[in-house]
>>> print(open('work_14.cif').read())   # mmCIF, C-alpha atoms
data_data
loop_
_atom_site.label_atom_id
_atom_site.label_comp_id
_atom_site.auth_asym_id
_atom_site.auth_seq_id
_atom_site.Cartn_x
_atom_site.Cartn_y
_atom_site.Cartn_z
CA MET Q 1 0.00 0.00 0.00
CA ARG Q 2 1.26 3.46 -0.93
CA LYS Q 3 2.14 5.72 2.02
CA PHE Q 4 1.33 9.43 1.88
CA PRO Q 5 3.12 12.12 3.88
CA PRO Q 6 1.26 13.41 6.95
CA PHE Q 7 -1.24 16.21 6.24
CA ALA Q 8 -0.23 19.59 7.67
CA PRO Q 9 -3.06 22.03 7.16
CA PHE Q 10 -1.34 24.92 8.93
CA ALA Q 11 2.07 24.62 7.33
CA PRO Q 12 3.55 28.04 6.58
CA VAL Q 13 3.48 29.12 2.96
CA SER Q 14 6.41 31.15 1.71
CA CYS Q 15 6.01 33.67 -1.06
CA ALA Q 16 8.63 35.73 -2.82
CA VAL Q 17 8.31 39.44 -2.24
CA SER Q 18 10.49 41.94 -4.04
CA THR Q 19 12.80 44.00 -1.84
CA HIS Q 20 12.25 47.76 -1.87
CA PRO Q 21 15.42 49.88 -1.78
CA ALA Q 22 14.07 52.05 1.05
CA THR Q 23 13.74 49.07 3.40
CA SER Q 24 17.53 48.44 3.58
CA GLY Q 25 17.30 44.80 2.54
CA ARG Q 26 14.23 43.95 4.60
CA ARG Q 27 11.32 42.24 2.91
CA PRO Q 28 8.06 44.19 3.46
CA GLY Q 29 5.27 42.09 4.85
CA MET Q 30 1.86 41.50 3.34
CA ARG Q 31 0.40 44.31 5.49
CA THR Q 32 2.85 46.81 3.99
CA GLN Q 33 2.11 45.60 0.48
CA TRP Q 34 -1.66 45.91 1.06
CA GLN Q 35 -1.37 49.41 2.51
CA ARG Q 36 0.63 50.45 -0.53
CA HIS Q 37 -1.94 49.17 -3.04
CA ALA Q 38 -5.12 49.78 -1.00
CA PRO Q 39 -6.13 53.08 -2.70
CA ALA Q 40 -5.92 51.56 -6.18
CA VAL Q 41 -7.83 48.48 -5.05
CA ALA Q 42 -10.53 50.67 -3.46
CA ARG Q 43 -10.97 52.68 -6.67
CA TRP Q 44 -11.20 49.48 -8.69
CA ALA Q 45 -13.80 48.00 -6.30
CA CYS Q 46 -15.89 51.19 -6.41
CA SER Q 47 -15.89 51.11 -10.19
CA LEU Q 48 -17.17 47.53 -10.11
CA LEU Q 49 -19.85 48.27 -7.52
CA ALA Q 50 -21.10 51.43 -9.22
CA PRO Q 51 -24.56 50.93 -10.73
CA PRO Q 52 -24.52 50.64 -14.55
CA TRP Q 53 -27.62 52.83 -14.90
CA PRO Q 54 -27.55 56.64 -14.58
CA ARG Q 55 -28.73 58.17 -11.33
CA CYS Q 56 -31.94 60.19 -11.46
CA CYS Q 57 -32.87 63.14 -9.32
CA LEU Q 58 -35.20 62.24 -6.46
CA VAL Q 59 -37.14 65.50 -6.87
CA CYS Q 60 -37.62 66.09 -10.60
CA GLY Q 61 -36.66 62.70 -12.07
CA GLU Q 62 -34.03 64.10 -14.45
CA LEU Q 63 -30.51 62.72 -14.68
CA CYS Q 64 -28.30 63.97 -11.86
CA GLY Q 65 -25.68 65.24 -14.27
CA GLN Q 66 -28.15 67.33 -16.23
CA SER Q 67 -30.28 70.36 -15.44
CA CYS Q 68 -33.99 70.14 -14.79
CA ALA Q 69 -36.32 70.36 -17.75
CA GLY Q 70 -37.49 73.92 -18.30
CA LYS Q 71 -34.57 75.49 -16.39
CA SER Q 72 -31.79 77.19 -18.28
CA THR Q 73 -28.12 76.49 -17.79
CA ALA Q 74 -27.62 79.99 -16.35
CA ALA Q 75 -30.26 79.32 -13.69
CA VAL Q 76 -28.59 76.05 -12.77
CA SER Q 77 -25.19 77.73 -12.53
CA ALA Q 78 -26.61 80.52 -10.38
CA ALA Q 79 -28.23 78.02 -8.02
CA GLY Q 80 -25.00 76.09 -7.73
CA SER Q 81 -22.84 79.15 -7.12
CA SER Q 82 -25.17 80.41 -4.40
CA THR Q 83 -24.76 77.25 -2.35
CA GLY Q 84 -21.35 75.98 -3.44
CA LEU Q 85 -22.66 72.43 -3.24
CA VAL Q 86 -23.11 71.42 -6.87
CA GLY Q 87 -21.07 68.42 -7.96
CA PRO Q 88 -19.01 66.14 -5.70
CA MET Q 89 -19.27 67.06 -2.06
CA ARG Q 90 -16.54 69.25 -0.58
CA LEU Q 91 -16.03 69.25 3.15
CA PRO Q 92 -14.02 72.32 4.18
CA GLY Q 93 -11.62 71.86 7.05
CA LEU Q 94 -12.24 68.14 7.47
CA HIS Q 95 -11.16 66.38 4.31
CA SER Q 96 -8.58 67.31 1.75
CA GLY Q 97 -9.85 66.95 -1.75
CA THR Q 98 -13.26 65.99 -3.03
CA THR Q 99 -15.20 62.89 -2.16
CA THR Q 100 -16.81 60.75 -4.84
CA GLU Q 101 -20.14 60.58 -3.03
CA SER Q 102 -22.82 62.98 -4.15
CA PRO Q 103 -26.56 63.20 -3.43
CA ASP Q 104 -29.06 61.87 -5.94
CA LEU Q 105 -30.17 65.38 -6.83
CA CYS Q 106 -29.63 67.36 -10.03
CA PRO Q 107 -27.74 70.68 -9.72
CA ALA Q 108 -30.89 72.79 -9.97
CA CYS Q 109 -32.82 70.84 -7.32
CA LEU Q 110 -29.78 70.75 -5.04
CA GLY Q 111 -29.37 74.50 -5.31
CA GLY Q 112 -33.11 75.02 -4.93
CA LEU Q 113 -33.38 73.24 -1.59
CA PRO Q 114 -34.74 75.50 1.19
CA TRP Q 115 -31.40 76.26 2.83
CA LEU Q 116 -31.64 78.07 6.15
CA ARG Q 117 -29.57 81.21 5.58
CA ALA Q 118 -30.12 83.27 8.75
CA ALA Q 119 -31.17 81.93 12.13
CA CYS Q 120 -30.67 82.16 15.89
CA ALA Q 121 -27.41 80.54 16.90
CA ARG Q 122 -28.96 78.95 20.01
CA CYS Q 123 -32.20 77.45 18.65
CA ALA Q 124 -31.91 77.83 14.82
CA ARG Q 125 -35.15 79.83 14.67
CA PRO Q 126 -35.31 81.57 11.26
CA LEU Q 127 -34.52 85.28 11.53
CA PRO Q 128 -34.11 88.13 9.04
CA ALA Q 129 -30.41 88.26 9.93
CA PRO Q 130 -28.11 85.93 11.91
CA ALA Q 131 -28.08 86.60 15.66
CA PRO Q 132 -26.36 84.97 18.66
CA ALA Q 133 -29.73 84.60 20.42
CA CYS Q 134 -33.35 85.36 19.64
CA GLY Q 135 -35.84 86.87 22.09
CA LEU Q 136 -37.09 83.48 23.27
CA CYS Q 137 -33.56 82.24 23.94
CA LEU Q 138 -32.76 85.40 25.88
CA ARG Q 139 -35.77 84.87 28.14
CA ARG Q 140 -35.34 81.10 28.43
CA PRO Q 141 -31.90 79.86 27.30
CA PRO Q 142 -31.94 76.29 25.95
CA PRO Q 143 -29.56 73.70 27.41
CA GLN Q 144 -27.63 73.21 24.15
CA ALA Q 145 -24.80 75.59 23.36
CA SER Q 146 -25.74 76.01 19.70
CA THR Q 147 -28.15 74.71 17.10
CA VAL Q 148 -27.52 74.40 13.37
CA ALA Q 149 -30.27 73.51 10.91
CA ALA Q 150 -29.42 72.81 7.29
CA PHE Q 151 -32.87 73.40 5.77
CA LEU Q 152 -36.26 74.87 6.38
CA TYR Q 153 -39.06 72.33 6.46
CA GLU Q 154 -40.52 73.40 3.15
CA ALA Q 155 -40.88 71.89 -0.31
CA PRO Q 156 -39.27 69.61 -1.38
CA LEU Q 157 -38.03 68.68 2.13
CA ASP Q 158 -41.62 68.05 3.23
CA ARG Q 159 -41.73 65.29 0.60
CA LEU Q 160 -38.21 63.83 0.91
CA LEU Q 161 -38.21 63.40 4.69
CA PRO Q 162 -41.60 61.60 4.79
CA ARG Q 163 -40.32 59.29 2.05
CA LEU Q 164 -37.58 58.20 4.43
CA LYS Q 165 -39.64 58.27 7.60
CA PHE Q 166 -42.82 56.52 6.48
CA HIS Q 167 -41.90 54.73 3.24
CA GLN Q 168 -38.40 53.42 4.12
CA ASP Q 169 -36.77 55.22 1.19
CA LEU Q 170 -33.13 54.98 2.28
CA ALA Q 171 -31.93 56.63 -0.94
CA ALA Q 172 -33.73 59.81 0.09
CA GLY Q 173 -32.06 59.66 3.51
CA ARG Q 174 -28.60 59.19 2.02
CA SER Q 175 -29.10 62.07 -0.40
CA LEU Q 176 -30.29 64.39 2.36
CA ALA Q 177 -27.34 63.45 4.57
CA LEU Q 178 -24.82 64.15 1.80
CA ALA Q 179 -26.59 67.39 0.86
CA MET Q 180 -26.56 68.82 4.38
CA ALA Q 181 -23.06 67.63 5.35
CA PRO Q 182 -21.25 70.69 3.90
CA ALA Q 183 -23.49 73.01 5.95
CA PHE Q 184 -22.42 71.28 9.18
CA ALA Q 185 -18.78 71.14 8.04
CA ALA Q 186 -18.89 74.90 7.47
CA ALA Q 187 -20.37 75.40 10.94
CA LEU Q 188 -17.46 73.44 12.43
CA ALA Q 189 -14.92 75.40 10.41
CA ASP Q 190 -16.42 78.77 11.37
CA ALA Q 191 -16.61 78.01 15.12
CA PRO Q 192 -14.98 80.67 17.37
CA PRO Q 193 -11.80 79.74 19.31
CA PRO Q 194 -13.49 78.52 22.54
CA GLU Q 195 -15.62 76.11 20.50
CA ALA Q 196 -12.97 75.33 17.88
CA LEU Q 197 -12.34 71.86 19.27
CA PRO Q 198 -14.35 69.40 17.15
CA PRO Q 199 -17.05 67.31 18.81
CA GLU Q 200 -16.09 63.84 19.94
CA ALA Q 201 -19.28 62.04 18.90
CA LEU Q 202 -22.43 62.36 16.84
CA VAL Q 203 -25.41 61.13 18.86
CA PRO Q 204 -28.64 60.48 16.93
CA LEU Q 205 -31.88 61.04 18.78
CA PRO Q 206 -33.20 57.53 19.51
CA LEU Q 207 -36.66 56.04 19.11
CA HIS Q 208 -38.40 54.12 21.83
CA ARG Q 209 -38.21 50.37 21.32
CA SER Q 210 -41.97 50.11 20.80
CA ARG Q 211 -41.88 52.76 18.04
CA LEU Q 212 -38.80 51.11 16.55
CA ARG Q 213 -40.57 47.75 16.56
CA SER Q 214 -43.61 49.12 14.76
CA ARG Q 215 -41.69 51.22 12.23
CA GLY Q 216 -38.90 48.75 11.58
CA PHE Q 217 -36.03 51.25 11.44
CA ASP Q 218 -34.85 54.53 12.95
CA GLN Q 219 -34.95 57.33 10.36
CA THR Q 220 -32.69 59.61 12.42
CA LEU Q 221 -30.05 56.91 12.66
CA GLU Q 222 -30.26 56.29 8.90
CA LEU Q 223 -29.61 60.00 8.34
CA ALA Q 224 -26.79 60.10 10.91
CA ARG Q 225 -24.84 57.14 9.48
CA PRO Q 226 -23.81 58.72 6.15
CA LEU Q 227 -23.48 62.11 7.84
CA ALA Q 228 -21.00 60.81 10.42
CA ARG Q 229 -19.09 58.98 7.69
CA ALA Q 230 -18.88 62.12 5.53
CA LEU Q 231 -17.76 64.35 8.42
CA ASP Q 232 -15.46 61.71 9.93
CA LEU Q 233 -17.23 61.86 13.31
CA PRO Q 234 -17.64 58.84 15.60
CA LEU Q 235 -21.27 57.71 15.66
CA ARG Q 236 -22.49 56.90 19.20
CA ALA Q 237 -25.96 55.44 18.79
CA ASP Q 238 -25.51 53.56 22.07
CA LEU Q 239 -25.05 56.61 24.27
CA LEU Q 240 -28.60 57.94 24.56
CA ARG Q 241 -31.72 55.91 25.27
CA ARG Q 242 -35.39 56.83 25.17
CA GLN Q 243 -36.63 55.20 28.35
CA ARG Q 244 -40.28 56.17 28.11
CA ALA Q 245 -42.74 55.87 25.24
CA THR Q 246 -44.14 59.34 24.59
CA ALA Q 247 -47.16 60.51 22.66
CA PRO Q 248 -46.54 61.85 19.13
CA GLN Q 249 -45.36 65.44 19.38
CA SER Q 250 -47.30 66.56 16.30
CA ARG Q 251 -50.57 66.31 18.25
CA LEU Q 252 -49.48 68.55 21.15
CA ASP Q 253 -48.87 72.24 21.70
CA ALA Q 254 -45.60 73.70 22.97
CA ALA Q 255 -46.38 73.38 26.70
CA ALA Q 256 -47.73 69.84 26.30
CA ARG Q 257 -44.63 68.85 24.32
CA ARG Q 258 -42.36 69.87 27.18
CA ARG Q 259 -44.46 67.92 29.70
CA ASN Q 260 -44.61 64.93 27.35
CA LEU Q 261 -40.81 64.70 27.10
CA ARG Q 262 -39.96 65.26 30.77
CA ASP Q 263 -37.40 62.60 31.81
CA ALA Q 264 -37.97 60.75 28.53
CA PHE Q 265 -34.24 60.22 27.86
CA SER Q 266 -31.44 58.65 29.83
CA VAL Q 267 -27.74 58.08 29.24
CA ASP Q 268 -26.41 54.55 29.57
CA PRO Q 269 -23.28 54.27 31.75
CA PRO Q 270 -20.04 53.96 29.75
CA ARG Q 271 -18.99 50.43 28.96
CA LEU Q 272 -15.69 48.94 30.06
CA GLY Q 273 -12.85 50.83 28.42
CA ARG Q 274 -15.07 53.63 27.05
CA VAL Q 275 -15.46 57.07 28.57
CA LEU Q 276 -18.23 59.60 28.22
CA PRO Q 277 -17.34 62.19 25.56
CA ALA Q 278 -17.03 65.75 26.78
CA HIS Q 279 -18.39 67.40 23.62
CA VAL Q 280 -21.17 65.75 21.60
CA VAL Q 281 -23.46 66.76 18.77
CA LEU Q 282 -27.09 65.71 19.14
CA PHE Q 283 -28.72 65.05 15.77
CA ASP Q 284 -32.42 65.00 14.86
CA ASP Q 285 -34.33 65.00 11.60
CA VAL Q 286 -36.94 67.74 12.15
CA MET Q 287 -37.07 70.41 14.86
CA THR Q 288 -40.35 72.20 15.59
CA THR Q 289 -40.36 73.75 19.07
CA GLY Q 290 -37.10 72.17 20.23
CA ALA Q 291 -38.65 70.34 23.18
CA THR Q 292 -37.30 66.94 22.10
CA VAL Q 293 -33.69 67.99 21.60
CA GLN Q 294 -33.76 70.08 24.78
CA SER Q 295 -34.90 67.11 26.84
CA ALA Q 296 -32.17 64.92 25.31
CA ALA Q 297 -29.54 67.62 25.82
CA GLN Q 298 -30.49 67.95 29.49
CA ALA Q 299 -30.06 64.20 29.96
CA LEU Q 300 -26.59 64.33 28.39
CA LEU Q 301 -25.53 67.29 30.52
CA ARG Q 302 -26.81 65.65 33.71
CA ALA Q 303 -24.78 62.53 32.85
CA GLY Q 304 -21.54 64.50 32.69
CA VAL Q 305 -21.20 65.78 29.12
CA LYS Q 306 -19.63 69.25 29.19
CA ARG Q 307 -21.04 70.67 25.94
CA VAL Q 308 -23.95 69.66 23.72
CA ASP Q 309 -24.58 71.09 20.26
CA VAL Q 310 -27.62 70.28 18.18
CA TRP Q 311 -27.76 69.60 14.45
CA VAL Q 312 -31.05 69.08 12.65
CA CYS Q 313 -31.84 68.37 9.05
CA ALA Q 314 -34.84 70.72 8.82
CA ARG Q 315 -36.28 73.45 11.04
CA VAL Q 316 -39.93 74.37 11.08
CA GLY Q 317 -40.26 78.13 10.76
#
>>> encode(input="work_14.cif", output="structure tokens")
Amino acid sequence: MRKFPPFAPFAPVSCAVSTHPATSGRRPGMRTQWQRHAPAVARWACSLLAPPWPRCCLVCGELCGQSCAGKSTAAVSAAGSSTGLVGPMRLPGLHSGTTTESPDLCPACLGGLPWLRAACARCARPLPAPAPACGLCLRRPPPQASTVAAFLYEAPLDRLLPRLKFHQDLAAGRSLALAMAPAFAAALADAPPPEALPPEALVPLPLHRSRLRSRGFDQTLELARPLARALDLPLRADLLRRQRATAPQSRLDAAARRRNLRDAFSVDPPRLGRVLPAHVVLFDDVMTTGATVQSAAQALLRAGVKRVDVWVCARVG
């Protein structure tokens, strides 16, 4: 009977690797070789994963690289120059260069979004001119240090956000996150010296588990994921918890909203090896009276967070 050599499944495999002159005769390992070729491999993988069909605008239905039907090229250029957001997304002060991700919106619809130009710096209430605090914030200062809203809750935001929230249209959420990311990047770049230190975490406003079970997903978290990736901020969805199921805020007035959200949020204690961040950004999709974000900001401050800023996708005027 023929005898075979013993099977060695974990025997080391040697491979010839060329020696680089800068390594002084040392052979670079596989990790060094992969780090050297990783950018080219990433570009090649993205080209394979890119959809073969052209992307259409979520608002008007036209191709994203073309202008809307009935709008002249001069109007599209004027809309793009007024916002500075047409084309691949630029993130000032956070990334060098231009990212390849762009929202599924044509230049005219992207420039025609209801950008919030002037607002109160504390609560993002729309004002005729920017101000550090409005009259309501002077009488009753909110717990957050600042509030930045990218858009007004007007058309077409009042159609795109419900598509994400009630119809599980994740493409609309990704496009909104990429569209509003430069506005938040500009807010970080323009921060005065005491607030110049970047936040340590992006905390999405959570849903209660019963609402999450019925809806199937958290629309604020789906907006925060691409936003945190674009701004290179750590996403801490585990930090804040909604401990009490509250009534829908849309059915209540301002005073009832504050009572409805009293002690509705809590902060989980830090896990082993993780500390509570000192500066966080609380993110929500729509802000009406601010009662929800104020209740969540108070819970974070009571837990030991030193500074809480608020970012919202859209602000109701």
>>> resolve_selection(input="work_14.cif", expression="the PyMOL selection byres ((chain Q and resi 206-217) around 12)", output="ChimeraX atom specification")
/Q:164-170,203-205,218-224,236-248,264-267,282-285,292-293,296
>>> atom_distance(input="work_14.cif", atom1="atom CA of Val308 of chain Q", atom2="atom CA of Gln144 of chain Q")
5.1 Å
>>> closest_residue(input="work_14.cif", among="Q:Gly317, Q:Pro269, Q:Pro226, Q:Gly61", to="Asp104 of chain Q", atoms="only C-alpha atoms")
Q:Gly61
>>> residues_around(input="work_14.cif", residues="Leu178 of chain Q", least_positions_apart="5", cutoff="7 Å", atoms="all atoms listed in the file", output="VMD selection string")
chain Q and resid 102 to 103 227
>>> resolve_selection(input="work_14.cif", expression="the PyMOL selection byres ((chain Q and resi 136) around 12)", output="list in words")
Cys120, Ala121, Arg122, Cys123, Ala124, Arg125, Pro132, Ala133, Cys134, Gly135, Cys137, Leu138, Arg139, Arg140, Pro141, Pro142, Thr289 and Gly290 of chain Q
>>> closest_residue(input="work_14.cif", among="Q:Phe151, Q:Pro198, Q:Pro143, Q:Ser295", to="Ala314 of chain Q", atoms="only C-alpha atoms")
Q:Phe151
>>> residues_near_point(input="work_14.cif", point="(-40.9, 76.4, 7.6)", cutoff="12 Å", atoms="all atoms listed in the file", output="mmCIF file with C-alpha atoms, in the frame of the given file")
data_model
loop_
_atom_site.group_PDB
_atom_site.id
_atom_site.type_symbol
_atom_site.label_atom_id
_atom_site.label_comp_id
_atom_site.auth_asym_id
_atom_site.auth_seq_id
_atom_site.Cartn_x
_atom_site.Cartn_y
_atom_site.Cartn_z
ATOM 1 C CA PRO Q 114 -34.740 75.500 1.190
ATOM 2 C CA TRP Q 115 -31.400 76.260 2.830
ATOM 3 C CA LEU Q 116 -31.640 78.070 6.150
ATOM 4 C CA ALA Q 124 -31.910 77.830 14.820
ATOM 5 C CA ARG Q 125 -35.150 79.830 14.670
ATOM 6 C CA PRO Q 126 -35.310 81.570 11.260
ATOM 7 C CA LEU Q 127 -34.520 85.280 11.530
ATOM 8 C CA ALA Q 149 -30.270 73.510 10.910
ATOM 9 C CA PHE Q 151 -32.870 73.400 5.770
ATOM 10 C CA LEU Q 152 -36.260 74.870 6.380
ATOM 11 C CA TYR Q 153 -39.060 72.330 6.460
ATOM 12 C CA GLU Q 154 -40.520 73.400 3.150
ATOM 13 C CA ALA Q 155 -40.880 71.890 -0.310
ATOM 14 C CA PRO Q 156 -39.270 69.610 -1.380
ATOM 15 C CA LEU Q 157 -38.030 68.680 2.130
ATOM 16 C CA ASP Q 158 -41.620 68.050 3.230
ATOM 17 C CA VAL Q 286 -36.940 67.740 12.150
ATOM 18 C CA MET Q 287 -37.070 70.410 14.860
ATOM 19 C CA THR Q 288 -40.350 72.200 15.590
ATOM 20 C CA THR Q 289 -40.360 73.750 19.070
ATOM 21 C CA ALA Q 314 -34.840 70.720 8.820
ATOM 22 C CA ARG Q 315 -36.280 73.450 11.040
ATOM 23 C CA VAL Q 316 -39.930 74.370 11.080
ATOM 24 C CA GLY Q 317 -40.260 78.130 10.760
#
>>> closest_residue(input="work_14.cif", among="Q:Val280, Q:Leu113, Q:Ala129, Q:Ala179", to="Leu300 of chain Q", atoms="only C-alpha atoms")
Q:Val280
>>> atom_distance(input="work_14.cif", atom1="atom CA of Leu63 of chain Q", atom2="atom CA of Leu105 of chain Q")
8.3 Å
>>> atom_distance(input="work_14.cif", atom1="atom CA of Arg163 of chain Q", atom2="atom CA of Arg117 of chain Q")
24.7 Å
